[in-house]
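Everything below concerns the one structure shown next.
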Amino acid sequence: MRIGLYPGTFDPITLGHIDIIQRAMAMVDRLVIGVAINRDKGPLFNLEDRVAMVQAECAPIIAKTGGEIVVHPFENLLIDCARDVGATVIVRGLRAVADFEYESGIAQMNKAMKSETETIFMLTPPELSAISSTIVRDILKNGGDVSQFIPSGIKL
C-alpha cells in the first residue's frame, strides 16, 4: 500500500489545499492529512475545528475517488509523523520560488533522518498560487471576505 502524508496547519483549509489533496490521491492508496498542532503559530482555529474542516472537505474527494483519506493531528517532527503513519512519501505544495527554497531544506533534512521517505513537490495552479492560510487568516482577522479562497463548505 502506498501511503502519503500531506502535512500542514490547515488554519483554515484553502482551495489550494484541496487541489493538492485531489491530485495526491491519484498517487497513493491512502493519504494521511497531518494536521499540525503547532502552538507556536497561534492558530486562529482550534485543533478540533481544523480537523473537522479537513474531514468535511475530504468527504466528497473520498466519495469521488474511492480512495482513503485519514486526518491525523500531530505535534512531533514531520519525519516522525511519517514514520508513525507508515508514509513513504511526503506531499508538499509549492506556490512560489520562496516555498521551494524553504521546503527543499526541510525535505533534505527529512531525507537525512529517514532515507526511505521521499518528498514530492506539487506546483499549485497559477489561479491558486496567491492563496495561503496565513493571508486568509489575516483577511478574516480584519473582517474581510475570504469566500473565494476557501471551500464553500467551510462555515466561519
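Letters A, B, ... mark the chains of the C-alpha cells in the order given; residue numbers begin at 1 per chain; ligand numbers begin at 1, in order shown.
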
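When the distance limit is 8 Å and only C-alpha atoms are what count, the residues near Val146 (chain A), minus those fewer than 5 positions from it on the same chain, are Val136, Ile139 and Leu140 of chain A.
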
Strand (DSSP E) residues, from DSSP on the backbone, in chain A, as a PyMOL selection string: chain A and resi 3-8+30-36+68-74+89-94+118-123

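Using only C-alpha atoms, the smallest distance between any of A:Pro73, A:Asp138, A:Met1, A:Pro7 and Glu103 (chain A) comes from A:Pro7.
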
Ile69 (chain A) environment, 8 Å, only C-alpha atoms, sequence neighbours closer than 6 positions dropped, as a ChimeraX atom specification: /A:30-33,58,62

Using only C-alpha atoms, find each residue of region 5-104 of chain A with at least one atom at most 10 Å away from an atom of region 148-152 of chain A; report its shortest atom-to-atom pair and that distance in Å (one decimal), sort the rows by chain and rising residue number, and return the result as CSV.
```
residue,atom,partner,partner_atom,distance
A:Pro12,CA,A:Ile150,CA,7.8
A:Ile13,CA,A:Ile150,CA,6.6
A:Thr14,CA,A:Ile150,CA,4.3
A:Leu15,CA,A:Ile150,CA,5.1
A:Gly16,CA,A:Phe149,CA,8.1
A:His17,CA,A:Ile150,CA,9.1
A:Ile18,CA,A:Pro151,CA,8.0
A:Met53,CA,A:Pro151,CA,9.6
A:Glu57,CA,A:Pro151,CA,7.4
```

Take the residues from that selection and put them in a file with N, CA, C and O atoms, as a PDB file, in the first residue's frame.
```pdb
ATOM      1  N   PRO A  12      -7.189  28.296   7.912  1.00  0.00           N
ATOM      2  CA  PRO A  12      -8.100  27.198   7.582  1.00  0.00           C
ATOM      3  C   PRO A  12      -7.638  26.467   6.324  1.00  0.00           C
ATOM      4  O   PRO A  12      -6.695  26.888   5.648  1.00  0.00           O
ATOM      5  N   ILE A  13      -8.342  25.388   5.991  1.00  0.00           N
ATOM      6  CA  ILE A  13      -8.086  24.683   4.743  1.00  0.00           C
ATOM      7  C   ILE A  13      -8.513  25.617   3.598  1.00  0.00           C
ATOM      8  O   ILE A  13      -9.512  26.324   3.703  1.00  0.00           O
ATOM      9  N   THR A  14      -7.722  25.652   2.530  1.00  0.00           N
ATOM     10  CA  THR A  14      -7.986  26.551   1.406  1.00  0.00           C
ATOM     11  C   THR A  14      -8.224  25.762   0.128  1.00  0.00           C
ATOM     12  O   THR A  14      -8.016  24.540   0.085  1.00  0.00           O
ATOM     13  N   LEU A  15      -8.598  26.470  -0.917  1.00  0.00           N
ATOM     14  CA  LEU A  15      -8.768  25.830  -2.221  1.00  0.00           C
ATOM     15  C   LEU A  15      -7.442  25.252  -2.728  1.00  0.00           C
ATOM     16  O   LEU A  15      -7.427  24.239  -3.414  1.00  0.00           O
ATOM     17  N   GLY A  16      -6.335  25.893  -2.370  1.00  0.00           N
ATOM     18  CA  GLY A  16      -5.025  25.353  -2.729  1.00  0.00           C
ATOM     19  C   GLY A  16      -4.771  24.002  -2.084  1.00  0.00           C
ATOM     20  O   GLY A  16      -4.252  23.078  -2.712  1.00  0.00           O
ATOM     21  N   HIS A  17      -5.137  23.869  -0.813  1.00  0.00           N
ATOM     22  CA  HIS A  17      -5.001  22.580  -0.118  1.00  0.00           C
ATOM     23  C   HIS A  17      -5.854  21.510  -0.801  1.00  0.00           C
ATOM     24  O   HIS A  17      -5.392  20.381  -1.011  1.00  0.00           O
ATOM     25  N   ILE A  18      -7.083  21.862  -1.130  1.00  0.00           N
ATOM     26  CA  ILE A  18      -7.991  20.903  -1.766  1.00  0.00           C
ATOM     27  C   ILE A  18      -7.405  20.422  -3.093  1.00  0.00           C
ATOM     28  O   ILE A  18      -7.447  19.229  -3.406  1.00  0.00           O
ATOM     29  N   MET A  53     -12.895  20.610   9.735  1.00  0.00           N
ATOM     30  CA  MET A  53     -12.922  21.249   8.411  1.00  0.00           C
ATOM     31  C   MET A  53     -12.289  20.344   7.363  1.00  0.00           C
ATOM     32  O   MET A  53     -12.843  20.163   6.275  1.00  0.00           O
ATOM     33  N   GLU A  57     -14.221  18.535   4.176  1.00  0.00           N
ATOM     34  CA  GLU A  57     -13.841  18.849   2.803  1.00  0.00           C
ATOM     35  C   GLU A  57     -13.270  17.640   2.061  1.00  0.00           C
ATOM     36  O   GLU A  57     -13.293  17.604   0.830  1.00  0.00           O
TER      37      GLU A  57
END
```

Residues of region 26-134 of chain A in helix (DSSP H, G or I), written as a ChimeraX atom specification: /A:39-41,47-65,78-85,97-113,126-128,133-134

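Nearest residue to Ala63 (chain A), choosing from A:Ser133, A:Met25, A:Ala107, A:Ala87 and counting only C-alpha atoms: A:Met25.
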
Nearest to Lys41 (chain A) by atom-to-atom distance, counting only C-alpha atoms, from A:Asn142, A:Ser129, A:Thr9, A:Gln108: A:Thr9

Write out as a short mmCIF file (atom, residue, chain, number, x, y, z; two decimals) with C-alpha atoms, in the first residue's frame each polymer residue whose atoms come within 12 Å of Gly4 (chain A), counting only C-alpha atoms; drop sequence neighbours fewer than 3 positions from it.
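The file below, around18.cif, is the result:
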```cif
data_model
loop_
_atom_site.label_atom_id
_atom_site.label_comp_id
_atom_site.auth_asym_id
_atom_site.auth_seq_id
_atom_site.Cartn_x
_atom_site.Cartn_y
_atom_site.Cartn_z
CA MET A 1 0.00 0.00 0.00
CA PRO A 7 1.13 17.94 6.41
CA ILE A 20 -3.14 19.26 -3.69
CA ILE A 21 -5.27 16.65 -1.86
CA ARG A 23 -4.03 15.42 -7.09
CA ALA A 24 -2.15 13.49 -4.40
CA MET A 25 -4.98 10.94 -4.24
CA ALA A 26 -4.02 9.83 -7.76
CA MET A 27 -0.57 8.84 -6.50
CA VAL A 28 -1.27 7.00 -3.26
CA ASP A 29 -3.63 4.38 -1.88
CA ARG A 30 -4.01 6.19 1.44
CA LEU A 31 -3.43 9.88 2.03
CA VAL A 32 -2.89 10.96 5.61
CA ILE A 33 -3.64 14.61 6.16
CA GLY A 34 -1.34 15.58 9.00
CA GLY A 67 -9.54 6.34 -2.05
CA GLU A 68 -8.73 6.50 1.61
CA ILE A 69 -8.03 9.74 3.45
CA VAL A 70 -7.17 9.77 7.14
CA VAL A 71 -6.96 13.00 9.13
CA ILE A 79 9.52 12.75 9.69
CA CYS A 81 4.79 11.58 11.95
CA ALA A 82 5.58 9.98 8.57
CA ARG A 83 7.07 7.00 10.40
CA ASP A 84 4.07 6.81 12.77
CA VAL A 85 1.56 6.61 9.90
CA GLY A 86 3.70 4.40 7.64
CA ALA A 87 4.11 7.06 4.93
CA THR A 88 6.78 6.52 2.32
CA VAL A 89 6.09 9.84 0.63
CA ILE A 90 5.53 13.35 1.97
CA VAL A 91 3.45 15.60 -0.27
CA ARG A 92 4.14 19.33 -0.27
CA THR A 117 10.89 8.59 2.78
CA GLU A 118 10.66 10.77 -0.33
CA THR A 119 9.20 14.25 -0.60
CA ILE A 120 7.12 15.11 -3.64
#
```

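For the residues A:Leu78, A:Leu44, A:Met109, A:Met122, ranking by smallest atom-to-atom distance to Ile135 (chain A) using only C-alpha atoms places A:Leu44 first.
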
Nearest residue to Asn38 (chain A) from the set A:Val54, A:Glu75, A:Gly66, A:Ile3 (distances using only C-alpha atoms): A:Glu75

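Distances from A:Arg50, A:Arg2, A:His72, A:Arg39 to Leu156 (chain A) were compared using only C-alpha atoms, and the smallest one belongs to A:Arg50.
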